[in-house]
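Participant: File follows, input01.pdb with PDB, C-alpha atoms and all ligand atoms:
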```pdb
ATOM      1  CA  MET A  18       9.520  -1.988  61.808
ATOM      2  CA  ASP A  19       6.799  -0.936  64.204
ATOM      3  CA  PHE A  20       3.297  -2.285  63.938
ATOM      4  CA  LYS A  21       1.592   0.673  62.315
ATOM      5  CA  THR A  22       4.333   1.085  59.740
ATOM      6  CA  PHE A  23       4.010  -2.576  58.890
ATOM      7  CA  ARG A  24       0.256  -2.448  58.548
ATOM      8  CA  ASN A  25       0.399   0.663  56.425
ATOM      9  CA  SER A  26       2.913  -1.033  54.154
ATOM     10  CA  LEU A  27       0.386  -3.698  53.125
ATOM     11  CA  PRO A  28      -1.557  -3.176  49.888
ATOM     12  CA  SER A  29      -4.938  -1.579  50.555
ATOM     13  CA  ASN A  30      -6.887  -4.707  49.546
ATOM     14  CA  VAL A  31      -5.047  -6.863  52.096
ATOM     15  CA  LYS A  32      -6.492  -7.106  55.584
ATOM     16  CA  LEU A  33      -4.437  -8.170  58.544
ATOM     17  CA  LEU A  34      -5.686 -10.839  60.911
ATOM     18  CA  ALA A  35      -3.650 -10.863  64.107
ATOM     19  CA  VAL A  36      -3.567 -14.485  65.255
ATOM     20  CA  SER A  37      -3.674 -14.227  69.014
ATOM     21  CA  LYS A  38      -3.787 -17.903  69.957
ATOM     22  CA  GLY A  39      -1.273 -18.639  72.667
ATOM     23  CA  GLN A  40      -1.051 -14.923  73.514
ATOM     24  CA  PRO A  41      -2.325 -13.226  76.659
ATOM     25  CA  VAL A  42      -5.114 -10.647  76.590
ATOM     26  CA  GLU A  43      -2.661  -7.851  77.456
ATOM     27  CA  LYS A  44      -0.957  -8.298  74.097
ATOM     28  CA  ILE A  45      -4.304  -8.214  72.329
ATOM     29  CA  ARG A  46      -5.206  -4.995  74.140
ATOM     30  CA  ALA A  47      -1.882  -3.482  73.162
ATOM     31  CA  LEU A  48      -2.512  -4.144  69.460
ATOM     32  CA  ALA A  49      -6.129  -2.989  69.705
ATOM     33  CA  SER A  50      -4.866   0.311  71.103
ATOM     34  CA  LYS A  51      -2.936   0.678  67.848
ATOM     35  CA  GLY A  52      -6.084   0.226  65.796
ATOM     36  CA  GLN A  53      -5.860  -3.512  65.101
ATOM     37  CA  TYR A  54      -9.314  -5.004  65.637
ATOM     38  CA  ASP A  55      -9.329  -8.300  63.752
ATOM     39  CA  PHE A  56      -8.062 -11.185  65.863
ATOM     40  CA  GLY A  57      -7.889 -14.887  65.102
ATOM     41  CA  GLU A  58      -8.190 -17.771  67.516
ATOM     42  CA  SER A  59      -8.041 -21.466  66.767
ATOM     43  CA  ARG A  60      -9.067 -23.174  69.990
ATOM     44  CA  VAL A  61     -12.515 -22.590  71.443
ATOM     45  CA  GLN A  62     -11.536 -23.491  74.984
ATOM     46  CA  GLU A  63      -8.723 -20.957  74.975
ATOM     47  CA  ALA A  64     -10.663 -18.292  73.102
ATOM     48  CA  LEU A  65     -13.852 -18.020  75.159
ATOM     49  CA  PRO A  66     -12.295 -16.555  78.323
ATOM     50  CA  LYS A  67     -10.322 -14.112  76.171
ATOM     51  CA  LEU A  68     -13.462 -13.016  74.334
ATOM     52  CA  SER A  69     -15.177 -12.304  77.600
ATOM     53  CA  LEU A  70     -12.186 -10.475  79.128
ATOM     54  CA  LEU A  71     -12.039  -8.237  76.058
ATOM     55  CA  GLN A  72     -15.768  -7.550  75.768
ATOM     56  CA  ASP A  73     -15.182  -3.906  76.627
ATOM     57  CA  ILE A  74     -13.464  -3.335  73.268
ATOM     58  CA  ASN A  75     -16.528  -3.232  71.021
ATOM     59  CA  GLU A  76     -14.532  -2.820  67.841
ATOM     60  CA  ILE A  77     -12.886  -6.239  68.066
ATOM     61  CA  ARG A  78     -13.969  -8.755  65.441
ATOM     62  CA  TRP A  79     -13.129 -12.342  66.296
ATOM     63  CA  HIS A  80     -12.211 -14.781  63.538
ATOM     64  CA  PHE A  81     -12.243 -18.505  64.127
ATOM     65  CA  ILE A  82      -9.424 -20.175  62.187
ATOM     66  CA  GLY A  83      -9.015 -23.613  63.779
ATOM     67  CA  THR A  84     -10.591 -26.983  63.215
ATOM     68  CA  LEU A  85     -14.192 -26.618  64.323
ATOM     69  CA  GLN A  86     -15.719 -29.573  66.112
ATOM     70  CA  SER A  87     -19.467 -29.947  65.809
ATOM     71  CA  ASN A  88     -20.029 -29.677  69.559
ATOM     72  CA  LYS A  89     -18.282 -26.276  69.573
ATOM     73  CA  VAL A  90     -20.295 -24.699  66.759
ATOM     74  CA  ARG A  91     -22.775 -22.894  68.986
ATOM     75  CA  GLU A  92     -20.094 -21.188  71.042
ATOM     76  CA  VAL A  93     -18.251 -20.126  67.919
ATOM     77  CA  VAL A  94     -21.405 -18.826  66.240
ATOM     78  CA  LYS A  95     -22.247 -16.809  69.350
ATOM     79  CA  GLY A  96     -18.813 -15.302  69.848
ATOM     80  CA  PHE A  97     -17.150 -15.000  66.455
ATOM     81  CA  ASP A  98     -17.876 -12.777  63.468
ATOM     82  CA  VAL A  99     -16.007 -14.730  60.814
ATOM     83  CA  ILE A 100     -15.243 -18.453  60.494
ATOM     84  CA  HIS A 101     -12.355 -19.194  58.124
ATOM     85  CA  SER A 102     -12.316 -22.937  58.613
ATOM     86  CA  ILE A 103     -15.486 -24.537  57.251
ATOM     87  CA  ASP A 104     -14.129 -27.856  56.030
ATOM     88  CA  SER A 105     -17.222 -29.904  55.167
ATOM     89  CA  ILE A 106     -20.759 -29.365  53.929
ATOM     90  CA  LYS A 107     -21.993 -31.071  57.049
ATOM     91  CA  LEU A 108     -20.272 -28.453  59.183
ATOM     92  CA  ALA A 109     -21.571 -25.656  56.944
ATOM     93  CA  LYS A 110     -25.138 -26.904  57.408
ATOM     94  CA  ARG A 111     -24.719 -27.077  61.150
ATOM     95  CA  VAL A 112     -23.297 -23.561  61.334
ATOM     96  CA  SER A 113     -26.189 -22.343  59.189
ATOM     97  CA  ARG A 114     -28.825 -23.979  61.376
ATOM     98  CA  ILE A 115     -27.303 -22.822  64.656
ATOM     99  CA  ALA A 116     -26.736 -19.308  63.302
ATOM    100  CA  GLY A 117     -30.481 -19.205  62.608
ATOM    101  CA  GLU A 118     -31.281 -20.354  66.133
ATOM    102  CA  GLU A 119     -28.914 -17.785  67.635
ATOM    103  CA  GLU A 120     -30.043 -15.015  65.267
ATOM    104  CA  LYS A 121     -26.527 -14.550  63.980
ATOM    105  CA  ASN A 122     -25.236 -14.171  60.456
ATOM    106  CA  PRO A 123     -21.553 -15.138  60.462
ATOM    107  CA  LYS A 124     -19.317 -14.635  57.485
ATOM    108  CA  VAL A 125     -17.698 -17.909  56.538
ATOM    109  CA  MET A 126     -14.945 -19.204  54.317
ATOM    110  CA  ALA A 127     -14.434 -22.661  52.934
ATOM    111  CA  GLN A 128     -11.091 -24.121  53.899
ATOM    112  CA  VAL A 129      -9.627 -25.818  50.844
ATOM    113  CA  LYS A 130      -6.761 -28.227  50.707
ATOM    114  CA  PHE A 131      -4.997 -27.819  47.384
ATOM    115  CA  ARG A 132      -2.313 -30.378  48.236
ATOM    116  CA  GLU A 133      -2.379 -33.602  50.156
ATOM    117  CA  ASP A 134      -1.538 -32.723  53.740
ATOM    118  CA  PRO A 135      -2.342 -35.295  56.405
ATOM    119  CA  ASP A 136      -1.935 -32.645  59.119
ATOM    120  CA  LYS A 137      -4.604 -30.339  57.802
ATOM    121  CA  PHE A 138      -8.338 -30.390  57.290
ATOM    122  CA  GLY A 139     -10.160 -28.895  54.357
ATOM    123  CA  PHE A 140     -12.245 -29.532  51.286
ATOM    124  CA  ASP A 141     -10.733 -31.150  48.303
ATOM    125  CA  SER A 142     -11.428 -28.548  45.568
ATOM    126  CA  GLN A 143     -13.427 -30.955  43.422
ATOM    127  CA  LYS A 144     -15.559 -31.989  46.391
ATOM    128  CA  LEU A 145     -16.257 -28.370  47.158
ATOM    129  CA  LEU A 146     -17.503 -27.873  43.611
ATOM    130  CA  ASN A 147     -19.830 -30.838  44.009
ATOM    131  CA  VAL A 148     -21.563 -29.286  47.005
ATOM    132  CA  TRP A 149     -21.127 -25.663  46.014
ATOM    133  CA  SER A 150     -24.692 -24.809  45.160
ATOM    134  CA  ASP A 151     -25.921 -26.325  48.441
ATOM    135  CA  PHE A 152     -23.249 -24.416  50.296
ATOM    136  CA  ILE A 153     -23.896 -20.937  48.945
ATOM    137  CA  HIS A 154     -27.653 -21.248  49.365
ATOM    138  CA  LEU A 155     -27.527 -22.062  53.077
ATOM    139  CA  PRO A 156     -29.389 -19.442  55.099
ATOM    140  CA  ASN A 157     -27.945 -17.333  57.941
ATOM    141  CA  ILE A 158     -24.355 -17.475  56.735
ATOM    142  CA  GLU A 159     -22.534 -15.319  54.232
ATOM    143  CA  VAL A 160     -19.931 -17.164  52.180
ATOM    144  CA  ILE A 161     -17.205 -14.631  51.502
ATOM    145  CA  GLY A 162     -14.128 -16.580  50.483
ATOM    146  CA  LEU A 163     -11.678 -19.430  50.619
ATOM    147  CA  MET A 164      -9.041 -20.176  53.210
ATOM    148  CA  THR A 165      -5.970 -22.288  52.684
ATOM    149  CA  ILE A 166      -2.849 -23.297  54.584
ATOM    150  CA  SER A 167       0.266 -24.197  52.644
ATOM    151  CA  PRO A 168       1.933 -27.456  53.649
ATOM    152  CA  ILE A 169       5.086 -26.862  55.672
ATOM    153  CA  ASP A 170       7.416 -28.601  53.209
ATOM    154  CA  LEU A 171       6.780 -26.368  50.189
ATOM    155  CA  ASP A 172       9.405 -23.920  49.017
ATOM    156  CA  SER A 173       8.612 -20.330  48.186
ATOM    157  CA  ASP A 174       7.854 -20.951  44.502
ATOM    158  CA  GLN A 175       5.626 -23.917  45.272
ATOM    159  CA  ARG A 176       3.726 -21.785  47.755
ATOM    160  CA  LYS A 177       3.181 -19.115  45.166
ATOM    161  CA  ILE A 178       1.747 -21.692  42.788
ATOM    162  CA  LEU A 179      -0.577 -22.958  45.503
ATOM    163  CA  PHE A 180      -1.725 -19.458  46.483
ATOM    164  CA  ARG A 181      -2.316 -18.603  42.828
ATOM    165  CA  GLU A 182      -4.495 -21.693  42.578
ATOM    166  CA  CYS A 183      -6.502 -20.568  45.575
ATOM    167  CA  ARG A 184      -6.979 -17.075  44.145
ATOM    168  CA  LEU A 185      -8.096 -18.421  40.764
ATOM    169  CA  PHE A 186     -10.478 -20.868  42.392
ATOM    170  CA  ALA A 187     -12.010 -18.083  44.483
ATOM    171  CA  ASP A 188     -12.395 -15.962  41.350
ATOM    172  CA  LYS A 189     -14.098 -18.845  39.579
ATOM    173  CA  LEU A 190     -16.541 -19.149  42.497
ATOM    174  CA  GLN A 191     -16.975 -15.358  42.455
ATOM    175  CA  LEU A 192     -15.663 -14.979  45.970
ATOM    176  CA  LYS A 193     -13.816 -11.853  46.964
ATOM    177  CA  ASP A 194     -11.765 -13.135  49.868
ATOM    178  CA  CYS A 195      -8.751 -15.407  50.062
ATOM    179  CA  SER A 196      -7.433 -16.017  53.550
ATOM    180  CA  MET A 197      -3.928 -17.270  52.925
ATOM    181  CA  GLY A 198      -0.442 -16.618  54.148
ATOM    182  CA  MET A 199       0.984 -16.927  57.666
ATOM    183  CA  SER A 200       4.182 -15.660  59.246
ATOM    184  CA  ARG A 201       6.305 -17.903  57.051
ATOM    185  CA  ASP A 202       4.683 -17.097  53.724
ATOM    186  CA  TRP A 203       2.564 -13.952  53.860
ATOM    187  CA  LYS A 204       4.681 -12.183  51.252
ATOM    188  CA  GLU A 205       4.016 -14.875  48.690
ATOM    189  CA  ALA A 206       0.328 -14.838  49.603
ATOM    190  CA  VAL A 207       0.045 -11.075  49.181
ATOM    191  CA  GLU A 208       1.776 -11.282  45.822
ATOM    192  CA  MET A 209      -0.696 -13.938  44.681
ATOM    193  CA  GLY A 210      -3.880 -12.167  45.717
ATOM    194  CA  ALA A 211      -4.583 -12.772  49.403
ATOM    195  CA  THR A 212      -7.157 -10.448  50.946
ATOM    196  CA  TRP A 213      -6.549 -11.716  54.489
ATOM    197  CA  ILE A 214      -3.167 -12.670  55.881
ATOM    198  CA  ARG A 215      -3.106 -14.472  59.217
ATOM    199  CA  LEU A 216      -0.070 -13.513  61.262
ATOM    200  CA  GLY A 217       0.749 -14.860  64.689
ATOM    201  CA  SER A 218       4.419 -15.165  65.584
ATOM    202  CA  PHE A 219       5.425 -12.457  63.100
ATOM    203  CA  LEU A 220       3.406  -9.909  65.110
ATOM    204  CA  PHE A 221       3.564 -11.257  68.641
ATOM    205  CA  GLY A 222       6.805 -13.188  68.744
ATOM    206  CA  SER A 223       6.885 -16.900  69.398
ATOM    207  CA  ARG A 224       4.104 -18.615  71.334
TER     208      ARG A 224
HETATM  209  C1  LIG B 301      -1.543 -20.392  64.165
HETATM  210  C2  LIG B 301      -2.156 -20.115  62.852
HETATM  211  C3  LIG B 301      -1.734 -19.026  62.066
HETATM  212  C4  LIG B 301      -0.594 -18.106  62.448
HETATM  213  O1  LIG B 301       0.608 -18.802  62.441
HETATM  214  P1  LIG B 301       2.004 -18.023  62.555
HETATM  215  O2  LIG B 301       2.975 -18.956  61.943
HETATM  216  O3  LIG B 301       2.235 -17.788  63.997
HETATM  217  O4  LIG B 301       1.861 -16.763  61.791
HETATM  218  C5  LIG B 301      -2.385 -18.807  60.874
HETATM  219  N1  LIG B 301      -3.390 -19.602  60.455
HETATM  220  C6  LIG B 301      -3.823 -20.653  61.173
HETATM  221  C7  LIG B 301      -4.926 -21.485  60.640
HETATM  222  C8  LIG B 301      -3.216 -20.941  62.390
HETATM  223  O5  LIG B 301      -3.651 -22.000  63.104
END
```
Translate the structure described by the file into structure tokens.
Facilitator:
Amino acid sequence: MDFKTFRNSLPSNVKLLAVSKGQPVEKIRALASKGQYDFGESRVQEALPKLSLLQDINEIRWHFIGTLQSNKVREVVKGFDVIHSIDSIKLAKRVSRIAGEEEKNPKVMAQVKFREDPDKFGFDSQKLLNVWSDFIHLPNIEVIGLMTISPIDLDSDQRKILFRECRLFADKLQLKDCSMGMSRDWKEAVEMGATWIRLGSFLFGSR
């Protein structure tokens, strides 16, 4: 299936994030020429030169989806429109403060870990609830949703259960967006209420 056919086949409430980490700028340009403007990067060091090489395409919105180290916050706030991977209140406060200093207003999502997964960062859902009112009242950021990554060892049904949990938790917090689903499990995520799916290898081929 070609790219446009694929994108048009997604439900209208589902937005496609093309995860361009590990991909050269030429491939990003090629997708942008087909009307894809949301791109995700997970490593600051890799992303910054790409952002500057692609500055001529004004429509591009950059989404940061990787683990965000505190010393990289300023660069991410300056260059990215959306941050999917806020994994602690401390990080949220730092992003808020630096966004104020840089006169930016990034959209952010809280990354939540619904299962134990030593490989992944994220809030425990209960801990997020404990800090929730602090979080949503931080200035200079707009909290739009939750992001989750399903552990690699889950089967399709277990993933659906996890994605359902994420959707229900977002609804409870009155958040519109759920960023969930990657190349391996985007179908399950769409079925369970994702509003953003993050596809890398499915779109670009292997990295
Ligand atoms: C790399 C990455 C993706 C995309 O992974 P694919 O399996 O290539 O689709 C999605 N989300 C996050 C957080 C990633 O780091």
Participant: Calculate how many Å separate CA of Pro156 in chain A from CA of Arg184 in chain A, rounding to one decimal.
Facilitator: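 Rounded to one decimal, the two atoms are 25.1 Å apart.
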Participant: Please identify every residue of chain A that has at least one atom no farther than 9 Å from an atom of ligand LIG 301 (chain B), counting only C-alpha atoms and all ligand atoms, and for each give the shortest atom pair and the distance in Å to one decimal, arranged by chain then increasing number, as JSON lines.
Facilitator:
```
{"residue": "A:Leu34", "atom": "CA", "partner": "B:LIG301", "partner_atom": "C5", "distance": 8.6}
{"residue": "A:Ala35", "atom": "CA", "partner": "B:LIG301", "partner_atom": "C4", "distance": 8.0}
{"residue": "A:Val36", "atom": "CA", "partner": "B:LIG301", "partner_atom": "C4", "distance": 5.5}
{"residue": "A:Ser37", "atom": "CA", "partner": "B:LIG301", "partner_atom": "C1", "distance": 8.1}
{"residue": "A:Lys38", "atom": "CA", "partner": "B:LIG301", "partner_atom": "C1", "distance": 6.7}
{"residue": "A:Gly39", "atom": "CA", "partner": "B:LIG301", "partner_atom": "C1", "distance": 8.7}
{"residue": "A:Gly57", "atom": "CA", "partner": "B:LIG301", "partner_atom": "C5", "distance": 8.0}
{"residue": "A:Glu58", "atom": "CA", "partner": "B:LIG301", "partner_atom": "O5", "distance": 7.6}
{"residue": "A:Ser59", "atom": "CA", "partner": "B:LIG301", "partner_atom": "O5", "distance": 5.7}
{"residue": "A:Arg60", "atom": "CA", "partner": "B:LIG301", "partner_atom": "O5", "distance": 8.8}
{"residue": "A:Phe81", "atom": "CA", "partner": "B:LIG301", "partner_atom": "C7", "distance": 8.6}
{"residue": "A:Ile82", "atom": "CA", "partner": "B:LIG301", "partner_atom": "C7", "distance": 4.9}
{"residue": "A:Gly83", "atom": "CA", "partner": "B:LIG301", "partner_atom": "C7", "distance": 5.6}
{"residue": "A:Thr84", "atom": "CA", "partner": "B:LIG301", "partner_atom": "C7", "distance": 8.3}
{"residue": "A:His101", "atom": "CA", "partner": "B:LIG301", "partner_atom": "C7", "distance": 8.2}
{"residue": "A:Ser102", "atom": "CA", "partner": "B:LIG301", "partner_atom": "C7", "distance": 7.8}
{"residue": "A:Met164", "atom": "CA", "partner": "B:LIG301", "partner_atom": "C7", "distance": 8.6}
{"residue": "A:Thr165", "atom": "CA", "partner": "B:LIG301", "partner_atom": "C7", "distance": 8.1}
{"residue": "A:Ile166", "atom": "CA", "partner": "B:LIG301", "partner_atom": "C7", "distance": 6.7}
{"residue": "A:Ser196", "atom": "CA", "partner": "B:LIG301", "partner_atom": "N1", "distance": 8.8}
{"residue": "A:Met197", "atom": "CA", "partner": "B:LIG301", "partner_atom": "N1", "distance": 7.9}
{"residue": "A:Gly198", "atom": "CA", "partner": "B:LIG301", "partner_atom": "C5", "distance": 7.3}
{"residue": "A:Met199", "atom": "CA", "partner": "B:LIG301", "partner_atom": "O4", "distance": 4.2}
{"residue": "A:Ser200", "atom": "CA", "partner": "B:LIG301", "partner_atom": "O4", "distance": 3.6}
{"residue": "A:Arg201", "atom": "CA", "partner": "B:LIG301", "partner_atom": "O2", "distance": 6.0}
{"residue": "A:Asp202", "atom": "CA", "partner": "B:LIG301", "partner_atom": "O4", "distance": 8.6}
{"residue": "A:Trp203", "atom": "CA", "partner": "B:LIG301", "partner_atom": "O4", "distance": 8.4}
{"residue": "A:Ile214", "atom": "CA", "partner": "B:LIG301", "partner_atom": "C5", "distance": 8.0}
{"residue": "A:Arg215", "atom": "CA", "partner": "B:LIG301", "partner_atom": "C5", "distance": 4.7}
{"residue": "A:Leu216", "atom": "CA", "partner": "B:LIG301", "partner_atom": "O4", "distance": 3.8}
{"residue": "A:Gly217", "atom": "CA", "partner": "B:LIG301", "partner_atom": "O3", "distance": 3.4}
{"residue": "A:Ser218", "atom": "CA", "partner": "B:LIG301", "partner_atom": "O3", "distance": 3.8}
{"residue": "A:Phe219", "atom": "CA", "partner": "B:LIG301", "partner_atom": "O4", "distance": 5.7}
{"residue": "A:Leu220", "atom": "CA", "partner": "B:LIG301", "partner_atom": "O4", "distance": 7.8}
{"residue": "A:Phe221", "atom": "CA", "partner": "B:LIG301", "partner_atom": "O3", "distance": 8.1}
{"residue": "A:Gly222", "atom": "CA", "partner": "B:LIG301", "partner_atom": "O3", "distance": 8.0}
{"residue": "A:Ser223", "atom": "CA", "partner": "B:LIG301", "partner_atom": "O3", "distance": 7.2}
{"residue": "A:Arg224", "atom": "CA", "partner": "B:LIG301", "partner_atom": "O3", "distance": 7.6}
```
Participant: To box range 57-72 of chain A, take all atoms listed in the file, fit an axis-aligned box, add 4 Å on each side, and give centre and edge lengths in Å to one decimal, as AutoDock Vina command-line options.
Facilitator:
```
--center_x -11.8 --center_y -15.5 --center_z 72.1 --size_x 15.9 --size_y 23.9 --size_z 22.0
```
Participant: Which of these, A:Asp98, A:Glu182, A:Asp73, A:Asp172, has the shortest distance to Ala49 in chain A once you count only C-alpha atoms?
Facilitator: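 Of the candidates, the smallest distance to Ala49 in chain A is held by A:Asp73.
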Participant: Residues picked by the PyMOL selection byres (((chain A and resi 194) around 6) and not hetatm) here, as an MDAnalysis selection string?
Facilitator: chainID A and resid 161:162 192:193 195 212
Participant: Which residue, A:Gln62, A:Tyr54, A:Glu205, A:Lys110, has the smallest gap to His154 in chain A when you use all atoms listed in the file?
Facilitator: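 Of A:Gln62, A:Tyr54, A:Glu205, A:Lys110, the one nearest His154 in chain A, counting all atoms listed in the file, is A:Lys110.
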Participant: So that I can see what lies close to Val112 in chain A, please list as a count of residues only the residues with an atom at most 9 Å from it, counting all atoms listed in the file and leaving out residues fewer than 2 positions away in the same chain.
Facilitator: 17
Participant: Please write the residues picked by the PyMOL selection byres (((chain A and resi 152) around 10) and not hetatm) on this file as a PyMOL selection string.
Facilitator: chain A and resi 105-107+109-110+113+127+145-151+153-156+158-160
Participant: Calculated over all atoms listed in the file, which of the candidates A:Gly96, A:Pro66, A:Pro135, A:Gly210 has the smallest distance to Leu163 in chain A?
Facilitator: A:Gly210
Participant: Just so the selection is clear, what residues does the PyMOL selection byres (((chain A and resi 21-25) around 10) and not hetatm) cover here, as a ChimeraX atom specification?
Facilitator: /A:18-20,26-29,31-33,48,51-53,220
Participant: Report, in Å to a single decimal, how far apart CA of Glu63 in chain A and CA of Asn75 in chain A are.
Facilitator: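 These atoms are spaced 19.8 Å apart.
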Participant: Quick one: residues within 9 Å of Phe97 in chain A, only C-alpha atoms, excluding same-chain residues fewer than 5 positions away - as a ChimeraX atom specification?
Facilitator: /A:68,78-81,92,123
Participant: Kindly indicate which residue among A:Ala206, A:Ile100, A:Arg176, A:Asn88 lies nearest to Phe56 in chain A, using only C-alpha atoms for the distances.
Facilitator: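 The closest residue to Phe56 in chain A is A:Ile100.
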Participant: What is the CA of Ser142 in chain A to CA of Pro168 in chain A distance in Å?
Facilitator: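 Computed distance, CA of Ser142 in chain A to CA of Pro168 in chain A, equals 15.7 Å.
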Participant: Identify which of the residues A:Lys89, A:Ile178, A:Gln143, A:Val99 lies closest to Lys124 in chain A, counting only C-alpha atoms when measuring atom-to-atom distances.
Facilitator: A:Val99
